[in-house]
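A.B. asks: This is target_39.csv, which holds CSV, C-alpha atoms:
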chain,number,residue,atom,x,y,z
A,130,MET,CA,-5.4,18.2,42.1
A,131,ASN,CA,-3.3,16.2,44.6
A,132,ILE,CA,-0.1,14.8,43.0
A,133,ASN,CA,-0.4,11.6,45.2
A,134,ILE,CA,-3.4,9.3,45.1
A,135,ARG,CA,-5.0,8.3,48.4
A,136,LEU,CA,-6.4,4.8,47.9
A,137,ASN,CA,-8.4,2.4,50.1
A,138,PRO,CA,-6.6,-0.8,50.6
A,139,ASP,CA,-9.5,-2.8,49.3
A,140,LYS,CA,-9.1,-1.2,45.8
A,141,ALA,CA,-5.4,-2.2,45.5
A,142,VAL,CA,-4.0,-5.5,44.1
A,143,HIS,CA,-0.9,-7.5,44.7
A,144,ALA,CA,2.2,-6.9,42.5
A,145,PHE,CA,1.8,-10.5,41.2
A,146,TYR,CA,-1.0,-9.2,38.9
A,147,VAL,CA,1.3,-6.7,37.2
A,148,PHE,CA,2.7,-9.5,35.0
A,149,PHE,CA,-0.8,-10.2,33.6
A,150,ILE,CA,-1.6,-6.5,33.2
A,151,ILE,CA,1.5,-5.6,31.2
A,152,HIS,CA,1.5,-8.8,29.1
A,153,THR,CA,-2.2,-8.6,28.1
A,154,CYS,CA,-1.9,-4.9,27.5
A,155,GLN,CA,1.0,-5.4,25.0
A,156,ILE,CA,-0.3,-8.5,23.2
A,157,GLY,CA,-3.2,-7.7,21.0
A,158,ALA,CA,-3.9,-6.8,17.4
A,159,GLY,CA,-0.2,-6.1,16.7
A,160,LEU,CA,0.8,-9.7,17.2
A,161,MET,CA,-1.3,-10.8,14.3
A,162,GLY,CA,0.8,-9.1,11.7
A,163,VAL,CA,4.2,-8.4,13.3
A,164,PRO,CA,6.2,-11.1,11.5
A,165,ARG,CA,5.5,-9.6,8.1
A,166,ILE,CA,6.3,-6.0,8.9
A,167,LEU,CA,9.5,-7.2,10.7
A,168,PHE,CA,10.6,-9.3,7.7
A,169,LEU,CA,10.1,-6.3,5.4
A,170,GLU,CA,12.5,-4.2,7.5
A,171,ALA,CA,15.1,-6.7,8.8
A,172,GLY,CA,14.8,-9.8,6.6
A,173,VAL,CA,15.9,-13.0,8.1
A,174,ASP,CA,17.5,-11.1,11.0
A,175,ALA,CA,14.0,-10.0,12.2
A,176,TRP,CA,14.5,-12.1,15.3
A,177,VAL,CA,17.5,-9.9,16.3
A,178,SER,CA,15.1,-6.8,16.1
A,179,VAL,CA,12.8,-8.6,18.5
A,180,LEU,CA,15.6,-9.1,21.0
A,181,VAL,CA,16.7,-5.5,20.7
A,182,THR,CA,13.3,-4.2,21.4
A,183,GLY,CA,12.8,-6.7,24.3
A,184,ALA,CA,16.1,-5.5,25.9
A,185,TYR,CA,15.1,-1.9,25.5
A,186,MET,CA,11.7,-2.6,27.1
A,187,HIS,CA,13.4,-3.9,30.2
A,188,VAL,CA,15.4,-0.6,30.4
A,189,LEU,CA,12.1,1.3,30.1
A,190,VAL,CA,10.6,-0.6,33.0
A,191,LEU,CA,13.6,0.4,35.2
A,192,LEU,CA,13.2,4.0,34.0
A,193,MET,CA,9.5,4.2,34.7
A,194,LEU,CA,9.8,2.7,38.1
A,195,THR,CA,12.7,5.0,38.9
A,196,ILE,CA,10.5,8.0,38.1
A,197,LEU,CA,7.5,6.7,40.0
A,198,ARG,CA,9.6,5.9,43.1
A,199,ASN,CA,10.5,9.5,43.5
A,200,TYR,CA,6.9,10.1,44.7
A,201,GLU,CA,4.8,8.7,47.5
A,202,ASN,CA,2.0,7.2,45.5
A,203,THR,CA,1.3,8.8,42.1
A,204,ASP,CA,0.8,8.1,38.4
A,205,LEU,CA,1.8,9.8,35.2
A,206,ILE,CA,-0.8,12.5,35.6
A,207,GLY,CA,0.6,13.4,39.0
A,208,VAL,CA,4.2,13.3,37.7
A,209,GLN,CA,3.5,15.6,34.8
A,210,MET,CA,1.7,18.1,37.1
A,211,ASP,CA,4.6,18.1,39.5
A,212,LEU,CA,7.3,18.5,36.8
A,213,PHE,CA,5.6,20.9,34.4
A,214,GLY,CA,3.1,22.8,36.5
A,215,ARG,CA,-0.6,22.8,36.6
A,216,TRP,CA,-1.5,24.0,33.1
A,217,ILE,CA,1.2,22.4,31.1
A,218,GLY,CA,0.7,19.2,33.1
A,219,LYS,CA,-3.0,19.2,32.3
A,220,GLY,CA,-2.3,19.9,28.6
A,221,LEU,CA,0.1,16.9,28.4
A,222,GLY,CA,-2.5,14.8,30.2
A,223,VAL,CA,-5.1,15.6,27.6
A,224,LEU,CA,-2.7,14.8,24.8
A,225,TYR,CA,-2.0,11.5,26.5
A,226,ILE,CA,-5.7,10.7,26.7
A,227,LEU,CA,-6.0,11.4,23.0
A,228,TYR,CA,-3.2,9.0,22.3
A,229,ILE,CA,-4.8,6.2,24.4
A,230,PHE,CA,-8.1,6.9,22.6
A,231,LEU,CA,-6.4,6.5,19.2
A,232,LEU,CA,-4.6,3.3,20.4
A,233,LEU,CA,-7.9,1.8,21.7
A,234,LEU,CA,-9.7,2.7,18.4
A,235,THR,CA,-6.8,1.1,16.4
A,236,VAL,CA,-7.0,-2.1,18.3
A,237,MET,CA,-10.8,-2.3,17.7
A,238,LYS,CA,-10.6,-1.5,14.0
A,239,ASN,CA,-7.8,-3.9,13.2
A,240,TYR,CA,-9.6,-6.8,14.9
A,241,ILE,CA,-12.9,-6.0,13.2
A,242,GLU,CA,-11.1,-6.1,9.9
A,243,VAL,CA,-9.6,-9.5,10.6
A,244,VAL,CA,-13.0,-10.9,11.5
A,245,GLN,CA,-14.4,-9.6,8.2
A,246,VAL,CA,-11.6,-11.0,6.2
A,247,PHE,CA,-11.3,-14.4,7.8
A,248,ILE,CA,-14.9,-15.3,8.9
A,249,PHE,CA,-17.8,-12.9,8.3
A,250,PRO,CA,-17.2,-10.6,5.3
A,251,GLN,CA,-20.7,-9.1,5.7
A,252,ILE,CA,-20.8,-8.6,9.5
A,253,PRO,CA,-21.8,-5.0,10.3
A,254,ILE,CA,-19.0,-2.9,11.9
A,255,TRP,CA,-21.4,-1.4,14.4
A,256,LEU,CA,-22.3,-4.9,15.7
A,257,MET,CA,-18.7,-5.8,16.4
A,258,SER,CA,-18.0,-2.4,17.9
A,259,ALA,CA,-21.0,-2.5,20.2
A,260,PHE,CA,-20.2,-5.9,21.4
A,261,MET,CA,-16.6,-5.0,22.4
A,262,LEU,CA,-17.6,-1.7,23.9
A,263,ILE,CA,-20.4,-3.3,26.0
A,264,LEU,CA,-17.8,-5.6,27.5
A,265,MET,CA,-15.5,-2.7,28.1
A,266,VAL,CA,-18.1,-0.6,29.9
A,267,TYR,CA,-19.3,-3.6,32.0
A,268,SER,CA,-15.7,-4.4,33.2
A,269,ILE,CA,-14.7,-0.8,34.0
A,270,LEU,CA,-17.9,-0.2,35.9
A,271,GLY,CA,-16.8,-3.0,38.2
A,272,GLY,CA,-13.8,-1.1,39.3
A,273,PHE,CA,-10.0,-1.6,39.0
A,274,ARG,CA,-10.1,-5.1,40.5
A,275,VAL,CA,-12.5,-6.3,37.8
A,276,VAL,CA,-10.3,-4.7,35.2
A,277,VAL,CA,-7.3,-6.6,36.5
A,278,GLY,CA,-9.4,-9.8,36.8
A,279,THR,CA,-10.2,-9.5,33.1
A,280,SER,CA,-6.5,-9.6,32.2
A,281,PHE,CA,-5.9,-12.5,34.6
A,282,LEU,CA,-8.8,-14.6,33.3
A,283,PHE,CA,-8.3,-14.0,29.6
A,284,PHE,CA,-4.6,-14.7,29.9
A,285,PHE,CA,-5.3,-18.3,30.9
A,286,LEU,CA,-8.2,-18.6,28.5
A,287,THR,CA,-6.0,-17.8,25.5
A,288,ILE,CA,-2.4,-18.8,26.4
A,289,TRP,CA,-3.1,-22.3,25.1
A,290,LEU,CA,-3.3,-20.9,21.6
A,291,VAL,CA,0.5,-21.0,21.6
A,292,LEU,CA,0.4,-24.8,21.6
A,293,PRO,CA,-1.0,-25.5,18.1
A,294,VAL,CA,2.0,-23.6,16.7
A,295,TYR,CA,3.9,-26.9,17.0
A,296,LYS,CA,2.3,-28.0,13.7
A,297,PRO,CA,3.8,-25.2,11.6
A,298,VAL,CA,7.2,-25.9,13.3
A,299,THR,CA,7.2,-29.4,11.8
A,300,PHE,CA,7.0,-27.9,8.3
A,301,MET,CA,9.6,-25.1,8.9
A,302,ASP,CA,12.6,-24.8,6.5
A,303,TRP,CA,15.4,-23.7,8.8
A,304,LYS,CA,17.3,-22.5,5.7
A,305,HIS,CA,14.9,-19.5,5.6
A,306,LEU,CA,16.6,-18.2,8.7
A,307,THR,CA,20.1,-18.2,7.2
A,308,PRO,CA,22.5,-16.5,6.6
A,309,ILE,CA,22.3,-14.7,9.9
A,310,PHE,CA,23.5,-11.1,10.6
A,311,MET,CA,23.2,-10.1,6.9
A,312,SER,CA,21.1,-7.1,7.7
A,313,SER,CA,22.7,-3.8,8.5
A,314,PRO,CA,22.5,-2.2,12.0
A,315,MET,CA,20.1,0.4,10.6
A,316,GLU,CA,17.8,-2.3,9.1
A,317,ILE,CA,17.8,-4.1,12.4
A,318,LEU,CA,16.9,-0.9,14.3
A,319,ALA,CA,14.2,-0.2,11.8
A,320,GLY,CA,12.8,-3.7,12.5
A,321,ALA,CA,13.1,-3.0,16.2
A,322,LYS,CA,11.0,0.2,15.7
A,323,GLN,CA,8.3,-1.9,14.0
A,324,VAL,CA,8.3,-4.3,17.0
A,325,ALA,CA,7.8,-1.3,19.2
A,326,TYR,CA,4.7,-0.4,17.3
A,327,SER,CA,3.3,-3.9,18.1
A,328,VAL,CA,4.0,-3.8,21.8
A,329,LEU,CA,2.5,-0.5,22.7
A,330,GLY,CA,0.9,-0.9,26.2
A,331,LEU,CA,3.9,-0.8,28.4
A,332,GLU,CA,2.7,2.7,29.5
A,333,ILE,CA,0.1,1.0,31.6
A,334,LEU,CA,2.8,0.8,34.3
A,335,PHE,CA,2.6,4.6,34.7
A,336,PHE,CA,-1.1,4.4,35.7
A,337,ILE,CA,-1.4,1.2,37.7
A,338,TYR,CA,1.5,2.0,40.1
A,339,PRO,CA,-0.7,3.6,42.8
A,340,TYR,CA,-3.0,0.6,42.8
A,341,ILE,CA,-0.3,-1.9,43.7
A,342,GLN,CA,0.0,-2.9,47.4
A,343,ASN,CA,3.5,-4.4,47.7
A,344,LYS,CA,5.4,-2.0,45.4
A,345,LYS,CA,8.8,-3.5,46.1
A,346,LYS,CA,7.8,-6.5,44.1
A,347,ILE,CA,6.5,-4.6,41.1
A,348,ALA,CA,9.9,-4.7,39.2
A,349,VAL,CA,10.0,-8.5,39.1
A,350,ALA,CA,6.4,-8.9,37.9
A,351,ALA,CA,6.9,-6.1,35.3
A,352,HIS,CA,10.1,-7.5,33.9
A,353,ALA,CA,8.5,-11.0,33.8
A,354,GLY,CA,5.6,-9.6,31.7
A,355,VAL,CA,7.9,-7.9,29.3
A,356,PHE,CA,10.1,-11.0,29.0
A,357,PHE,CA,7.1,-13.2,28.2
A,358,THR,CA,5.9,-10.7,25.6
A,359,THR,CA,9.3,-10.8,23.9
A,360,ILE,CA,9.4,-14.6,23.9
A,361,LEU,CA,6.0,-14.8,22.4
A,362,ILE,CA,6.8,-12.3,19.6
A,363,LEU,CA,10.1,-14.0,19.0
A,364,LEU,CA,8.4,-17.4,18.7
A,365,VAL,CA,5.8,-16.3,16.1
A,366,THR,CA,8.4,-14.4,14.1
A,367,VAL,CA,10.9,-17.3,13.9
A,368,VAL,CA,8.1,-19.8,13.0
A,369,SER,CA,6.6,-17.5,10.4
A,370,ILE,CA,10.0,-16.9,8.7
A,371,GLY,CA,10.7,-20.6,8.7
A,372,TYR,CA,7.3,-21.7,7.6
A,373,PHE,CA,6.5,-19.2,4.8
A,374,SER,CA,8.8,-18.6,1.8
A,375,PRO,CA,10.2,-15.0,1.7
A,376,ASP,CA,7.7,-14.0,-1.1
A,377,GLU,CA,4.8,-15.6,0.8
A,378,LEU,CA,5.6,-13.8,4.0
A,379,LYS,CA,5.8,-10.4,2.2
A,380,GLU,CA,2.3,-10.9,1.0
A,381,THR,CA,0.8,-12.5,4.1
A,382,VAL,CA,-0.7,-9.5,6.1
A,383,TRP,CA,-1.7,-11.5,9.2
A,384,ALA,CA,1.1,-14.2,9.3
A,385,THR,CA,0.4,-15.3,12.9
A,386,LEU,CA,-3.2,-16.1,12.2
A,387,SER,CA,-2.3,-17.7,8.9
A,388,LEU,CA,-0.2,-20.3,10.7
A,389,PHE,CA,-3.4,-21.8,12.1
A,390,LYS,CA,-4.7,-22.6,8.6
A,391,ILE,CA,-2.8,-25.9,8.3
A,392,ILE,CA,-4.1,-27.1,11.7
A,393,SER,CA,-7.2,-29.3,11.7
A,394,PHE,CA,-8.9,-31.8,14.0
A,395,SER,CA,-11.5,-34.4,13.4
A,396,ILE,CA,-14.2,-32.2,14.9
A,397,ILE,CA,-12.7,-28.8,13.8
A,398,GLU,CA,-11.7,-28.7,10.1
A,399,ARG,CA,-10.8,-24.9,10.0
A,400,PHE,CA,-9.0,-24.2,13.2
A,401,ASP,CA,-8.0,-20.7,11.9
A,402,PHE,CA,-11.7,-19.7,12.2
A,403,LEU,CA,-11.7,-20.8,15.8
A,404,ALA,CA,-8.4,-18.9,16.4
A,405,VAL,CA,-9.8,-15.7,15.0
A,406,ALA,CA,-12.9,-16.0,17.1
A,407,LEU,CA,-10.9,-16.7,20.2
A,408,TRP,CA,-8.6,-13.8,19.5
A,409,MET,CA,-11.5,-11.6,20.8
A,410,MET,CA,-10.4,-12.7,24.3
A,411,VAL,CA,-6.9,-11.5,23.5
A,412,ILE,CA,-8.3,-8.1,22.4
A,413,ILE,CA,-10.7,-7.5,25.2
A,414,PRO,CA,-8.0,-6.9,27.9
A,415,ASN,CA,-6.5,-4.3,25.6
A,416,ILE,CA,-9.8,-2.5,25.3
A,417,VAL,CA,-10.6,-2.7,29.0
A,418,LEU,CA,-7.2,-1.5,30.2
A,419,PHE,CA,-6.9,1.3,27.7
A,420,GLY,CA,-10.5,2.4,28.4
A,421,TRP,CA,-9.7,2.3,32.2
A,422,ILE,CA,-6.7,4.6,31.6
A,423,ILE,CA,-8.9,7.1,29.8
A,424,ILE,CA,-11.6,7.2,32.5
A,425,HIS,CA,-8.9,7.3,35.3
A,426,SER,CA,-7.1,10.2,33.7
A,427,LEU,CA,-10.3,12.2,33.1
A,428,LYS,CA,-11.2,11.8,36.7
A,429,ARG,CA,-7.7,12.8,37.8
A,430,LEU,CA,-7.5,15.8,35.5
A,431,PHE,CA,-11.0,17.2,35.6
A,432,ARG,CA,-12.8,15.2,38.3
A,433,PHE,CA,-15.3,14.0,35.8
A,434,PRO,CA,-17.7,11.4,37.2
A,435,LYS,CA,-16.9,7.8,36.3
A,436,LYS,CA,-20.1,6.7,34.6
A,437,PRO,CA,-20.9,9.8,32.4
A,438,SER,CA,-17.3,9.9,31.1
A,439,LEU,CA,-17.3,6.1,30.5
A,440,TYR,CA,-20.5,6.3,28.5
A,441,ILE,CA,-19.4,9.3,26.5
A,442,THR,CA,-16.0,7.7,25.7
A,443,ALA,CA,-17.8,4.5,24.6
A,444,LEU,CA,-20.1,6.4,22.3
A,445,MET,CA,-17.2,8.3,20.8
A,446,LEU,CA,-15.3,5.1,20.1
A,447,PHE,CA,-18.5,3.6,18.6
A,448,PHE,CA,-19.0,6.6,16.3
A,449,PHE,CA,-15.4,6.7,15.0
A,450,SER,CA,-15.2,2.9,14.6
A,451,VAL,CA,-18.3,3.0,12.4
A,452,LEU,CA,-17.1,6.1,10.5
A,453,ILE,CA,-13.8,4.5,9.5
A,454,GLU,CA,-14.7,1.8,7.0
A,455,GLU,CA,-12.1,1.6,4.2
A,456,ARG,CA,-8.8,-0.2,4.5
A,457,ILE,CA,-6.9,3.0,3.6
A,458,GLY,CA,-8.4,4.7,6.6
A,459,ILE,CA,-7.5,1.8,9.0
A,460,ASN,CA,-3.9,1.8,7.6
A,461,PHE,CA,-3.7,5.6,8.1
A,462,LEU,CA,-5.0,5.3,11.7
A,463,THR,CA,-2.6,2.5,12.5
A,464,SER,CA,0.4,4.3,11.1
A,465,ILE,CA,-0.4,7.6,12.9
A,466,THR,CA,-1.0,5.7,16.2
A,467,GLY,CA,2.1,3.7,15.9
A,468,GLU,CA,4.3,6.7,15.1
A,469,VAL,CA,2.9,8.7,18.0
A,470,GLY,CA,3.0,5.7,20.3
A,471,PHE,CA,6.7,5.1,19.6
A,472,TRP,CA,7.6,8.6,20.8
A,473,VAL,CA,5.2,8.6,23.7
A,474,VAL,CA,6.1,5.2,25.1
A,475,PHE,CA,9.7,4.7,24.1
A,476,VAL,CA,11.1,8.2,24.1
A,477,TYR,CA,9.0,10.4,26.3
A,478,PRO,CA,9.9,8.7,29.6
A,479,TRP,CA,13.5,9.8,29.1
A,480,LEU,CA,12.3,13.4,28.9
A,481,LEU,CA,10.4,13.0,32.1
A,482,TYR,CA,13.5,11.5,33.8
A,483,ALA,CA,15.7,14.4,32.6
A,484,VAL,CA,13.3,17.0,33.9
A,485,LEU,CA,13.0,15.1,37.2
A,486,LEU,CA,16.8,15.2,37.6
A,487,LEU,CA,17.0,18.9,36.8
A,488,LYS,CA,14.2,19.7,39.2
A,489,LYS,CA,16.0,17.7,42.0
A,490,VAL,CA,19.2,19.6,41.3
A,491,PHE,CA,17.4,22.9,41.3
A,492,ARG,CA,15.6,22.1,44.6
A,493,LYS,CA,18.9,21.0,46.2
A,494,GLY,CA,20.6,24.2,45.1
A,495,ASN,CA,17.8,26.3,46.6
A,496,SER,CA,18.0,24.4,49.9
A,497,ASN,CA,21.7,24.9,50.1
A,498,GLU,CA,21.3,28.7,49.5
A,499,LYS,CA,18.8,28.8,52.4
A,500,MET,CA,21.1,27.0,54.7
A,501,ASP,CA,24.1,29.3,53.8
A,502,PRO,CA,24.2,32.0,56.5
A,503,ASN,CA,26.2,34.3,54.3
Step by step, read the file and then write its structure as structure tokens.
C.D. replies:
Amino acid sequence: MNINIRLNPDKAVHAFYVFFIIHTCQIGAGLMGVPRILFLEAGVDAWVSVLVTGAYMHVLVLLMLTILRNYENTDLIGVQMDLFGRWIGKGLGVLYILYIFLLLLTVMKNYIEVVQVFIFPQIPIWLMSAFMLILMVYSILGGFRVVVGTSFLFFFLTIWLVLPVYKPVTFMDWKHLTPIFMSSPMEILAGAKQVAYSVLGLEILFFIYPYIQNKKKIAVAAHAGVFFTTILILLVTVVSIGYFSPDELKETVWATLSLFKIISFSIIERFDFLAVALWMMVIIPNIVLFGWIIIHSLKRLFRFPKKPSLYITALMLFFFSVLIEERIGINFLTSITGEVGFWVVFVYPWLLYAVLLLKKVFRKGNSNEKMDPN
């Protein structure tokens, strides 16, 4: 397998789209319940945890780009093959694919559960799963440009959902946010870790890098995507803490969606129903992007044809989504995926960077020995 990817110019996209890719990959099912889990860990200082995680994500963007810029035009699969060798690199690639598979399955299961709780309690799981997977297959078959177009389109179709939050803001009790800085540093860090679970998806940068034309502008777009994600999570967290009482927030599983319950219009009495339905367009970019990572990685590692691997992946996702029905199973899946994702996304890049530095030092030492005539 070649470490670097040779790509036709017509398959690449401008760095401008990195903003939409990263943001839509991070914002999904996690945003629906992040205020509650944050409040349970950090209390009224949950907003500090959001800022800590946001700042760390900017550091990670710099770290990822630093690693990738040491190569001509590669992705995470190529980096691992270069740093760890063929067999270990392939093994790590397979483990990464399994992690992305779990992440994709978690996104699907959490959204299906929300639909069953809020709108259609009797809707079959297989029907919802089939609908989302058909959209995933259709988008990925269109190629990387269609995958990016999905993120771009659904961003603008759903970003307006932020506007109705003005209504809960008018009912906020700002005393709920005081006194500030009462949580211990460990509690704030624990809250930051919970935020990290909710913004998994930053790893997409490791895979889309070879498909970007003007790579010098990637950093600006990537940082903008992370910043917008941080601001959005900060907004829903602050509004949720201010709107709900502490006891209410502890019991409200999907606090973000519950904020829409007080919003109504003359033609739409239950806006929360509409919000849950429209949240499908927030979830779809997650599913498409994670699905594309799996298919791309399988092709890179084993040269599997695109269509068969896509169909098999979709069938496996369908099978496991139907198999896991009970809430306890969904909670277990979410917990495992979140814990693994934290180490993979927020810790593993540091290991890659350390190995990269050691390899550069080793290569430099060998080159100096060859140049020494003695």
A.B. asks: How many Å separate atom CA of Leu361 of chain A from atom CA of Thr182 of chain A?
C.D. replies: 12.9 Å
A.B. asks: One decimal, in Å: what's the spacing between atom CA of Ile347 of chain A and atom CA of Lys140 of chain A?
C.D. replies: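 Interatomic distance, atom CA of Ile347 of chain A to atom CA of Lys140 of chain A: 16.6 Å.
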A.B. asks: Got a sec: who's within 7 Å of Tyr372 of chain A, counting only C-alpha atoms, leaving out chain neighbours fewer than 3 positions off, as an NGL selection string?
C.D. replies: :A and (297 or 300-302 or 368-369)
A.B. asks: By how many Å are atom CA of Val349 of chain A and atom CA of Leu194 of chain A apart?
C.D. replies: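 The value is 11.2 Å.
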A.B. asks: Select, from A:Ile422, A:Leu306, A:Leu407, A:Ile156, the residue with the minimum atom-to-atom distance to Thr287 of chain A, counting all atoms listed in the file.
C.D. replies: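 Among the listed residues, the smallest separation from Thr287 of chain A belongs to A:Leu407.
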A.B. asks: Set the distance at 9 Å and use only C-alpha atoms: which residues neighbour segment 209-222 of chain A once local chain neighbours fewer than 6 positions away are removed? I'd like the list as a PDB file with C-alpha atoms, in the frame of the given file.
C.D. replies:
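New file result-v1.pdb:
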ATOM      1  CA  MET A 130      -5.400  18.200  42.100  1.00  0.00           C
ATOM      2  CA  ILE A 132      -0.100  14.800  43.000  1.00  0.00           C
ATOM      3  CA  SER A 426      -7.100  10.200  33.700  1.00  0.00           C
ATOM      4  CA  LEU A 427     -10.300  12.200  33.100  1.00  0.00           C
ATOM      5  CA  LEU A 430      -7.500  15.800  35.500  1.00  0.00           C
ATOM      6  CA  PHE A 431     -11.000  17.200  35.600  1.00  0.00           C
ATOM      7  CA  LEU A 481      10.400  13.000  32.100  1.00  0.00           C
ATOM      8  CA  VAL A 484      13.300  17.000  33.900  1.00  0.00           C
ATOM      9  CA  LEU A 485      13.000  15.100  37.200  1.00  0.00           C
ATOM     10  CA  LYS A 488      14.200  19.700  39.200  1.00  0.00           C
TER      11      LYS A 488
END
A.B. asks: Quick one: of A:Leu318, A:Leu292, A:Leu329, A:Val451, who's nearest to Trp472 of chain A, counting only C-alpha atoms?
C.D. replies: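 The answer is A:Leu329, which sits nearest to Trp472 of chain A.
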A.B. asks: For Trp176 of chain A, work out the shell of residues within 7 Å, counting all atoms listed in the file and skipping chain neighbours fewer than 6 positions away, then give it as a tab-separated table (two decimals) with C-alpha atoms, in the coordinates of the input.
C.D. replies:
chain	number	residue	atom	x	y	z
A	363	LEU	CA	10.10	-14.00	19.00
A	366	THR	CA	8.40	-14.40	14.10
A	367	VAL	CA	10.90	-17.30	13.90
A.B. asks: Which residue is closest to Leu169 of chain A? Choose from A:Ile424, A:Glu316, A:Phe491, A:Leu388 and count all atoms listed in the file.
C.D. replies: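 Checking each of A:Ile424, A:Glu316, A:Phe491, A:Leu388 against Leu169 of chain A, counting all atoms listed in the file, the winner is A:Glu316.
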A.B. asks: Calculated over only C-alpha atoms, which of the candidates A:Pro138, A:Gly183, A:Pro164, A:Gly271 has the smallest distance to Trp421 of chain A?
C.D. replies: A:Gly271
A.B. asks: Name all residues at most 7 Å from Lys296 of chain A (count all atoms listed in the file; drop same-chain ones fewer than 3 positions away) and give them as a list of chain:residue names.
C.D. replies: A:Pro293, A:Thr299, A:Ile392
A.B. asks: Check the smallest atom-to-atom distance from each of A:Ser258, A:Lys390, A:Ile241, A:Gly207 to Val294 of chain A using all atoms listed in the file, then report the winner.
C.D. replies: A:Lys390
A.B. asks: Taking only C-alpha atoms into account, which of A:Ile151, A:Val223, A:Leu364, A:Ile465 comes nearest His425 of chain A?
C.D. replies: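 Distance minimum relative to His425 of chain A lands on A:Val223.
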A.B. asks: Tell me, as an MDAnalysis selection string, which residues lie within 12 Å of His187 of chain A, counting all atoms listed in the file; anything in the same chain fewer than 2 positions away does not count.
C.D. replies: chainID A and resid 180:185 189:194 331 348:359 475
A.B. asks: Restrict the calculation to all atoms listed in the file, then for each residue of segment 356-461 of chain A with any atom at most 8 Å from an atom of segment 227-239 of chain A give the closest atom pair and their distance in Å to one decimal, rows by chain and rising residue number, as a tab-separated table.
C.D. replies:
residue	atom	partner	partner_atom	distance
A:Ile412	CA	A:Val236	CA	7.4
A:Asn415	CA	A:Leu233	CA	7.4
A:Ile416	CA	A:Leu233	CA	5.9
A:Phe419	CA	A:Leu233	CA	6.1
A:Gly420	CA	A:Leu233	CA	7.2
A:Ile422	CA	A:Ile229	CA	7.6
A:Ile423	CA	A:Ile229	CA	6.8
A:Leu446	CA	A:Leu234	CA	6.3
A:Phe449	CA	A:Leu234	CA	7.7
A:Ser450	CA	A:Lys238	CA	6.4
A:Ile459	CA	A:Lys238	CA	6.7
A.B. asks: Around (-1.2, -6.7, 47.9) in the file's frame, which residues reach within 10 Å when counting all atoms listed in the file? Return as a PDB file with C-alpha atoms, in the coordinates of the input?
C.D. replies:
ATOM      1  CA  PRO A 138      -6.600  -0.800  50.600  1.00  0.00           C
ATOM      2  CA  ASP A 139      -9.500  -2.800  49.300  1.00  0.00           C
ATOM      3  CA  LYS A 140      -9.100  -1.200  45.800  1.00  0.00           C
ATOM      4  CA  ALA A 141      -5.400  -2.200  45.500  1.00  0.00           C
ATOM      5  CA  VAL A 142      -4.000  -5.500  44.100  1.00  0.00           C
ATOM      6  CA  HIS A 143      -0.900  -7.500  44.700  1.00  0.00           C
ATOM      7  CA  ALA A 144       2.200  -6.900  42.500  1.00  0.00           C
ATOM      8  CA  PHE A 145       1.800 -10.500  41.200  1.00  0.00           C
ATOM      9  CA  TYR A 146      -1.000  -9.200  38.900  1.00  0.00           C
ATOM     10  CA  TYR A 340      -3.000   0.600  42.800  1.00  0.00           C
ATOM     11  CA  ILE A 341      -0.300  -1.900  43.700  1.00  0.00           C
ATOM     12  CA  GLN A 342       0.000  -2.900  47.400  1.00  0.00           C
ATOM     13  CA  ASN A 343       3.500  -4.400  47.700  1.00  0.00           C
ATOM     14  CA  LYS A 344       5.400  -2.000  45.400  1.00  0.00           C
ATOM     15  CA  LYS A 346       7.800  -6.500  44.100  1.00  0.00           C
TER      16      LYS A 346
END
